[in-house]
>>> print(open('coords-v3.txt').read())   # compact mmCIF, N, CA, C and O atoms
# COMPACT_ATOMS: atom_id res chain seq x y z
N MET Y 83 -95.18 -47.67 24.22
CA MET Y 83 -94.70 -46.53 23.51
C MET Y 83 -93.23 -46.26 23.83
O MET Y 83 -92.44 -46.01 22.95
N PHE Y 84 -92.84 -46.32 25.08
CA PHE Y 84 -91.46 -46.07 25.47
C PHE Y 84 -90.72 -47.38 25.68
O PHE Y 84 -89.87 -47.48 26.55
N LYS Y 85 -91.02 -48.37 24.88
CA LYS Y 85 -90.47 -49.70 25.04
C LYS Y 85 -88.95 -49.72 24.92
O LYS Y 85 -88.26 -50.32 25.72
N ASN Y 86 -88.41 -49.07 23.89
CA ASN Y 86 -86.96 -49.05 23.67
C ASN Y 86 -86.40 -47.65 23.89
O ASN Y 86 -85.51 -47.21 23.18
N CYS Y 87 -86.91 -46.97 24.86
CA CYS Y 87 -86.51 -45.59 25.15
C CYS Y 87 -85.02 -45.54 25.51
O CYS Y 87 -84.52 -46.40 26.23
N VAL Y 88 -84.34 -44.53 25.02
CA VAL Y 88 -82.90 -44.41 25.25
C VAL Y 88 -82.58 -44.21 26.73
O VAL Y 88 -81.49 -44.51 27.18
N PHE Y 89 -83.53 -43.72 27.50
CA PHE Y 89 -83.28 -43.47 28.92
C PHE Y 89 -83.40 -44.72 29.77
O PHE Y 89 -83.11 -44.68 30.96
N LYS Y 90 -83.82 -45.86 29.20
CA LYS Y 90 -83.88 -47.10 29.96
C LYS Y 90 -82.47 -47.66 30.12
O LYS Y 90 -81.66 -47.62 29.20
N VAL Y 91 -82.19 -48.18 31.26
CA VAL Y 91 -80.86 -48.74 31.56
C VAL Y 91 -80.56 -49.93 30.65
O VAL Y 91 -79.41 -50.16 30.27
N SER Y 92 -81.57 -50.68 30.26
CA SER Y 92 -81.37 -51.88 29.47
C SER Y 92 -81.13 -51.61 27.98
O SER Y 92 -80.93 -52.54 27.22
N VAL Y 93 -81.14 -50.35 27.55
CA VAL Y 93 -80.89 -50.00 26.15
C VAL Y 93 -79.43 -49.59 25.98
O VAL Y 93 -78.91 -48.77 26.74
N ASP Y 94 -78.76 -50.18 25.00
CA ASP Y 94 -77.37 -49.86 24.69
C ASP Y 94 -77.32 -48.46 24.05
O ASP Y 94 -77.78 -48.26 22.94
N THR Y 95 -76.74 -47.50 24.75
CA THR Y 95 -76.75 -46.09 24.30
C THR Y 95 -75.96 -45.91 23.01
O THR Y 95 -76.39 -45.18 22.12
N GLN Y 96 -74.82 -46.56 22.87
CA GLN Y 96 -74.03 -46.42 21.65
C GLN Y 96 -74.78 -46.96 20.44
O GLN Y 96 -74.77 -46.36 19.38
N LYS Y 97 -75.42 -48.10 20.61
CA LYS Y 97 -76.20 -48.68 19.52
C LYS Y 97 -77.38 -47.77 19.18
O LYS Y 97 -77.71 -47.57 18.02
N TRP Y 98 -77.99 -47.18 20.21
CA TRP Y 98 -79.11 -46.26 19.99
C TRP Y 98 -78.63 -45.03 19.22
O TRP Y 98 -79.27 -44.60 18.27
N LEU Y 99 -77.49 -44.44 19.63
CA LEU Y 99 -76.95 -43.26 18.95
C LEU Y 99 -76.66 -43.55 17.48
O LEU Y 99 -76.96 -42.74 16.60
N ARG Y 100 -76.05 -44.69 17.21
CA ARG Y 100 -75.74 -45.07 15.84
C ARG Y 100 -77.02 -45.22 15.02
O ARG Y 100 -77.14 -44.67 13.92
N SER Y 101 -77.99 -45.94 15.56
CA SER Y 101 -79.25 -46.17 14.84
C SER Y 101 -80.04 -44.88 14.66
O SER Y 101 -80.59 -44.62 13.58
N ALA Y 102 -80.11 -44.06 15.70
CA ALA Y 102 -80.83 -42.79 15.61
C ALA Y 102 -80.14 -41.85 14.62
O ALA Y 102 -80.81 -41.13 13.87
N GLY Y 103 -78.82 -41.87 14.60
CA GLY Y 103 -78.07 -41.04 13.65
C GLY Y 103 -78.33 -41.45 12.21
O GLY Y 103 -78.52 -40.60 11.33
N ILE Y 104 -78.33 -42.74 11.97
CA ILE Y 104 -78.61 -43.25 10.62
C ILE Y 104 -80.02 -42.86 10.19
O ILE Y 104 -80.24 -42.40 9.07
N ARG Y 105 -80.98 -43.02 11.10
CA ARG Y 105 -82.36 -42.61 10.79
C ARG Y 105 -82.44 -41.12 10.49
O ARG Y 105 -83.14 -40.70 9.58
N ALA Y 106 -81.74 -40.31 11.27
CA ALA Y 106 -81.79 -38.86 11.08
C ALA Y 106 -81.18 -38.46 9.72
O ALA Y 106 -81.74 -37.62 9.01
N VAL Y 107 -80.06 -39.08 9.36
CA VAL Y 107 -79.43 -38.77 8.07
C VAL Y 107 -80.34 -39.17 6.92
O VAL Y 107 -80.49 -38.42 5.94
N LYS Y 108 -80.98 -40.33 7.03
CA LYS Y 108 -81.91 -40.76 5.98
C LYS Y 108 -83.09 -39.79 5.87
O LYS Y 108 -83.51 -39.43 4.77
N THR Y 109 -83.61 -39.37 7.00
CA THR Y 109 -84.72 -38.42 7.01
C THR Y 109 -84.31 -37.09 6.39
O THR Y 109 -85.06 -36.49 5.61
N MET Y 110 -83.10 -36.63 6.74
CA MET Y 110 -82.60 -35.38 6.18
C MET Y 110 -82.44 -35.48 4.66
O MET Y 110 -82.81 -34.56 3.92
N ALA Y 111 -81.93 -36.60 4.18
CA ALA Y 111 -81.76 -36.79 2.74
C ALA Y 111 -83.11 -36.82 2.02
O ALA Y 111 -83.28 -36.20 0.97
N GLN Y 112 -84.07 -37.51 2.59
CA GLN Y 112 -85.40 -37.57 1.99
C GLN Y 112 -86.04 -36.20 1.93
O GLN Y 112 -86.66 -35.83 0.93
N THR Y 113 -85.88 -35.43 2.99
CA THR Y 113 -86.44 -34.08 3.02
C THR Y 113 -85.77 -33.18 2.00
O THR Y 113 -86.44 -32.45 1.26
N ALA Y 114 -84.45 -33.24 1.92
CA ALA Y 114 -83.72 -32.42 0.95
C ALA Y 114 -84.12 -32.78 -0.48
O ALA Y 114 -84.34 -31.89 -1.30
N VAL Y 115 -84.23 -34.06 -0.77
CA VAL Y 115 -84.63 -34.49 -2.11
C VAL Y 115 -86.02 -33.96 -2.45
O VAL Y 115 -86.25 -33.49 -3.57
N SER Y 116 -86.93 -34.01 -1.50
CA SER Y 116 -88.29 -33.53 -1.79
C SER Y 116 -88.32 -32.03 -2.02
O SER Y 116 -89.01 -31.55 -2.93
N VAL Y 117 -87.55 -31.26 -1.27
CA VAL Y 117 -87.51 -29.81 -1.46
C VAL Y 117 -86.80 -29.46 -2.77
O VAL Y 117 -87.24 -28.58 -3.51
N ILE Y 118 -85.72 -30.16 -3.08
CA ILE Y 118 -84.99 -29.91 -4.32
C ILE Y 118 -85.84 -30.26 -5.53
O ILE Y 118 -85.84 -29.55 -6.53
N THR Y 119 -86.60 -31.34 -5.44
CA THR Y 119 -87.46 -31.76 -6.54
C THR Y 119 -88.50 -30.70 -6.86
O THR Y 119 -88.83 -30.48 -8.02
N VAL Y 120 -89.01 -30.04 -5.85
CA VAL Y 120 -90.00 -28.99 -6.06
C VAL Y 120 -89.40 -27.84 -6.87
O VAL Y 120 -90.09 -27.19 -7.65
N GLY Y 121 -88.09 -27.60 -6.71
CA GLY Y 121 -87.42 -26.54 -7.44
C GLY Y 121 -87.29 -26.82 -8.93
O GLY Y 121 -87.07 -25.92 -9.72
N SER Y 122 -87.42 -28.06 -9.35
CA SER Y 122 -87.37 -28.52 -10.74
C SER Y 122 -85.99 -28.41 -11.38
O SER Y 122 -85.51 -29.36 -11.95
N THR Y 123 -85.36 -27.25 -11.37
CA THR Y 123 -84.04 -27.11 -11.96
C THR Y 123 -83.06 -26.66 -10.89
O THR Y 123 -83.44 -26.02 -9.91
N VAL Y 124 -81.79 -26.96 -11.09
CA VAL Y 124 -80.77 -26.63 -10.10
C VAL Y 124 -80.70 -25.12 -9.88
O VAL Y 124 -80.50 -24.65 -8.76
N ALA Y 125 -80.90 -24.36 -10.93
CA ALA Y 125 -80.81 -22.90 -10.82
C ALA Y 125 -81.95 -22.30 -10.00
O ALA Y 125 -81.79 -21.26 -9.37
N SER Y 126 -83.11 -22.96 -10.01
CA SER Y 126 -84.26 -22.39 -9.32
C SER Y 126 -84.50 -22.96 -7.92
O SER Y 126 -85.48 -22.63 -7.27
N VAL Y 127 -83.61 -23.83 -7.46
CA VAL Y 127 -83.76 -24.43 -6.14
C VAL Y 127 -83.38 -23.41 -5.06
O VAL Y 127 -82.35 -22.75 -5.16
N ASP Y 128 -84.21 -23.29 -4.06
CA ASP Y 128 -83.90 -22.45 -2.90
C ASP Y 128 -83.07 -23.30 -1.94
O ASP Y 128 -83.59 -24.07 -1.14
N TRP Y 129 -81.73 -23.19 -2.06
CA TRP Y 129 -80.83 -24.06 -1.31
C TRP Y 129 -80.89 -23.81 0.18
O TRP Y 129 -80.73 -24.74 0.98
N LYS Y 130 -81.10 -22.58 0.60
CA LYS Y 130 -81.23 -22.30 2.04
C LYS Y 130 -82.44 -23.01 2.61
O LYS Y 130 -82.38 -23.58 3.70
N LEU Y 131 -83.54 -23.01 1.87
CA LEU Y 131 -84.75 -23.71 2.31
C LEU Y 131 -84.50 -25.21 2.36
O LEU Y 131 -84.92 -25.88 3.32
N ALA Y 132 -83.83 -25.75 1.36
CA ALA Y 132 -83.56 -27.19 1.32
C ALA Y 132 -82.71 -27.62 2.51
O ALA Y 132 -83.02 -28.61 3.19
N VAL Y 133 -81.64 -26.87 2.79
CA VAL Y 133 -80.75 -27.23 3.89
C VAL Y 133 -81.44 -27.04 5.23
O VAL Y 133 -81.37 -27.92 6.11
N SER Y 134 -82.13 -25.92 5.42
CA SER Y 134 -82.78 -25.68 6.71
C SER Y 134 -83.91 -26.69 6.96
O SER Y 134 -84.09 -27.16 8.08
N SER Y 135 -84.63 -27.05 5.92
CA SER Y 135 -85.69 -28.06 6.07
C SER Y 135 -85.09 -29.42 6.45
O SER Y 135 -85.64 -30.13 7.29
N ALA Y 136 -83.96 -29.76 5.83
CA ALA Y 136 -83.31 -31.03 6.13
C ALA Y 136 -82.80 -31.07 7.56
O ALA Y 136 -82.94 -32.08 8.27
N VAL Y 137 -82.23 -29.96 8.03
CA VAL Y 137 -81.72 -29.90 9.41
C VAL Y 137 -82.86 -30.03 10.41
O VAL Y 137 -82.77 -30.78 11.39
N VAL Y 138 -83.94 -29.32 10.16
CA VAL Y 138 -85.11 -29.41 11.06
C VAL Y 138 -85.65 -30.84 11.08
O VAL Y 138 -85.98 -31.38 12.14
N ALA Y 139 -85.72 -31.47 9.92
CA ALA Y 139 -86.20 -32.87 9.86
C ALA Y 139 -85.28 -33.79 10.64
O ALA Y 139 -85.74 -34.72 11.32
N GLY Y 140 -83.97 -33.56 10.57
CA GLY Y 140 -83.02 -34.38 11.32
C GLY Y 140 -83.18 -34.23 12.82
O GLY Y 140 -83.15 -35.21 13.56
N VAL Y 141 -83.37 -33.00 13.28
CA VAL Y 141 -83.58 -32.75 14.71
C VAL Y 141 -84.86 -33.42 15.18
O VAL Y 141 -84.89 -34.07 16.23
N ILE Y 142 -85.91 -33.29 14.40
CA ILE Y 142 -87.18 -33.92 14.77
C ILE Y 142 -87.04 -35.43 14.79
O ILE Y 142 -87.59 -36.10 15.67
N SER Y 143 -86.28 -35.98 13.86
CA SER Y 143 -86.05 -37.43 13.83
C SER Y 143 -85.35 -37.90 15.10
O SER Y 143 -85.74 -38.91 15.70
N ILE Y 144 -84.32 -37.17 15.53
CA ILE Y 144 -83.60 -37.53 16.77
C ILE Y 144 -84.54 -37.45 17.97
O ILE Y 144 -84.57 -38.36 18.82
N LEU Y 145 -85.31 -36.37 18.05
CA LEU Y 145 -86.24 -36.21 19.17
C LEU Y 145 -87.30 -37.30 19.19
O LEU Y 145 -87.69 -37.79 20.25
N THR Y 146 -87.77 -37.70 18.02
CA THR Y 146 -88.75 -38.77 17.94
C THR Y 146 -88.13 -40.11 18.35
O THR Y 146 -88.79 -40.94 18.98
N SER Y 147 -86.86 -40.30 18.03
CA SER Y 147 -86.17 -41.55 18.37
C SER Y 147 -85.96 -41.72 19.86
O SER Y 147 -85.73 -42.83 20.33
N VAL Y 148 -86.01 -40.63 20.62
CA VAL Y 148 -85.83 -40.73 22.08
C VAL Y 148 -86.87 -41.66 22.69
O VAL Y 148 -86.58 -42.41 23.62
N ALA Y 149 -88.07 -41.65 22.15
CA ALA Y 149 -89.14 -42.51 22.66
C ALA Y 149 -88.85 -43.99 22.40
O ALA Y 149 -89.42 -44.86 23.06
N GLY Y 150 -87.98 -44.28 21.46
CA GLY Y 150 -87.63 -45.66 21.16
C GLY Y 150 -87.62 -45.90 19.67
O GLY Y 150 -88.40 -45.32 18.93
N ILE Y 151 -86.71 -46.76 19.25
CA ILE Y 151 -86.64 -47.15 17.85
C ILE Y 151 -86.54 -48.67 17.79
O ILE Y 151 -85.91 -49.30 18.62
N PRO Y 152 -87.20 -49.26 16.79
CA PRO Y 152 -87.26 -50.73 16.74
C PRO Y 152 -85.92 -51.41 16.50
O PRO Y 152 -85.76 -52.58 16.82
N GLU Y 153 -84.93 -50.69 15.95
CA GLU Y 153 -83.64 -51.31 15.68
C GLU Y 153 -82.88 -51.65 16.96
O GLU Y 153 -82.03 -52.53 16.97
N VAL Y 154 -83.17 -50.96 18.03
CA VAL Y 154 -82.48 -51.15 19.30
C VAL Y 154 -83.40 -51.83 20.28
O VAL Y 154 -84.45 -51.31 20.64
N LYS Y 155 -83.00 -53.01 20.71
CA LYS Y 155 -83.82 -53.78 21.65
C LYS Y 155 -83.28 -53.61 23.06
O LYS Y 155 -82.10 -53.42 23.27
N CYS Y 156 -84.17 -53.70 24.02
CA CYS Y 156 -83.76 -53.71 25.43
C CYS Y 156 -83.06 -55.03 25.73
O CYS Y 156 -83.34 -56.05 25.10
N ASP Y 157 -82.17 -55.02 26.71
CA ASP Y 157 -81.48 -56.26 27.09
C ASP Y 157 -82.45 -57.33 27.56
O ASP Y 157 -82.24 -58.51 27.33
N ASP Y 158 -83.55 -56.92 28.18
CA ASP Y 158 -84.51 -57.90 28.68
C ASP Y 158 -85.42 -58.45 27.59
O ASP Y 158 -86.19 -59.35 27.81
N GLU Y 159 -85.30 -57.96 26.35
CA GLU Y 159 -86.12 -58.45 25.23
C GLU Y 159 -85.38 -59.46 24.37
O GLU Y 159 -85.97 -60.09 23.52
N LYS Y 160 -84.08 -59.61 24.53
CA LYS Y 160 -83.27 -60.47 23.65
C LYS Y 160 -83.53 -61.91 23.84
O LYS Y 160 -83.95 -62.48 24.69
>>> encode(input="coords-v3.txt", output="structure tokens")
Amino acid sequence: MFKNCVFKVSVDTQKWLRSAGIRAVKTMAQTAVSVITVGSTVASVDWKLAVSSAVVAGVISILTSVAGIPEVKCDDEK
């Protein structure tokens, strides 16, 4: 479970930050699109809900990535 954990010495922290950031942005975009789609029209979209939902999804994505992400390998796995 913690195979590629960011706290392991053998994991490249910069590569992890880049990969986790990309994952978080993608998650935020997917969440925003889903909330905006529910609004159906631009005028009826609750923009505060869309933005706050996207931010929460991004934070959760970063926290989930702490346990490890497959894009970043440990030095001993290469």
>>> closest_residue(input="coords-v3.txt", among="Y:Ile118, Y:Ala102, Y:Ala111, Y:Val127", to="Ile144 of chain Y", atoms="all atoms listed in the file")
Y:Ala102
>>> closest_residue(input="coords-v3.txt", among="Y:Thr113, Y:Thr123, Y:Lys97, Y:Ile104", to="Ala136 of chain Y", atoms="all atoms listed in the file")
Y:Thr113
>>> residues_around(input="coords-v3.txt", residues="Gly140 of chain Y", least_positions_apart="6", cutoff="7 Å", atoms="all atoms listed in the file", output="PyMOL selection string")
chain Y and resi 102+105-107+109-110+134+146
>>> residues_near_point(input="coords-v3.txt", point="(-85.0, -27.0, 1.6)", cutoff="8 Å", atoms="all atoms listed in the file", output="list in words")
Thr113, Ala114, Val115, Ser116, Val117, Ile118, Val127, Asp128, Trp129, Lys130, Leu131, Ala132, Val133, Ser134, Ser135, Ala136 and Val137 of chain Y
>>> atom_distance(input="coords-v3.txt", atom1="atom O of Lys155 of chain Y", atom2="atom C of Lys108 of chain Y")
22.1 Å
>>> atom_distance(input="coords-v3.txt", atom1="atom N of Leu99 of chain Y", atom2="atom CA of Val138 of chain Y")
18.9 Å
>>> atom_distance(input="coords-v3.txt", atom1="atom CA of Ala139 of chain Y", atom2="atom O of Gln96 of chain Y")
20.1 Å
>>> select_by_dssp(input="coords-v3.txt", residues="segment 107-143 of chain Y", states="alpha helix (DSSP H)", output="ChimeraX atom specification")
/Y:107-121,129-143
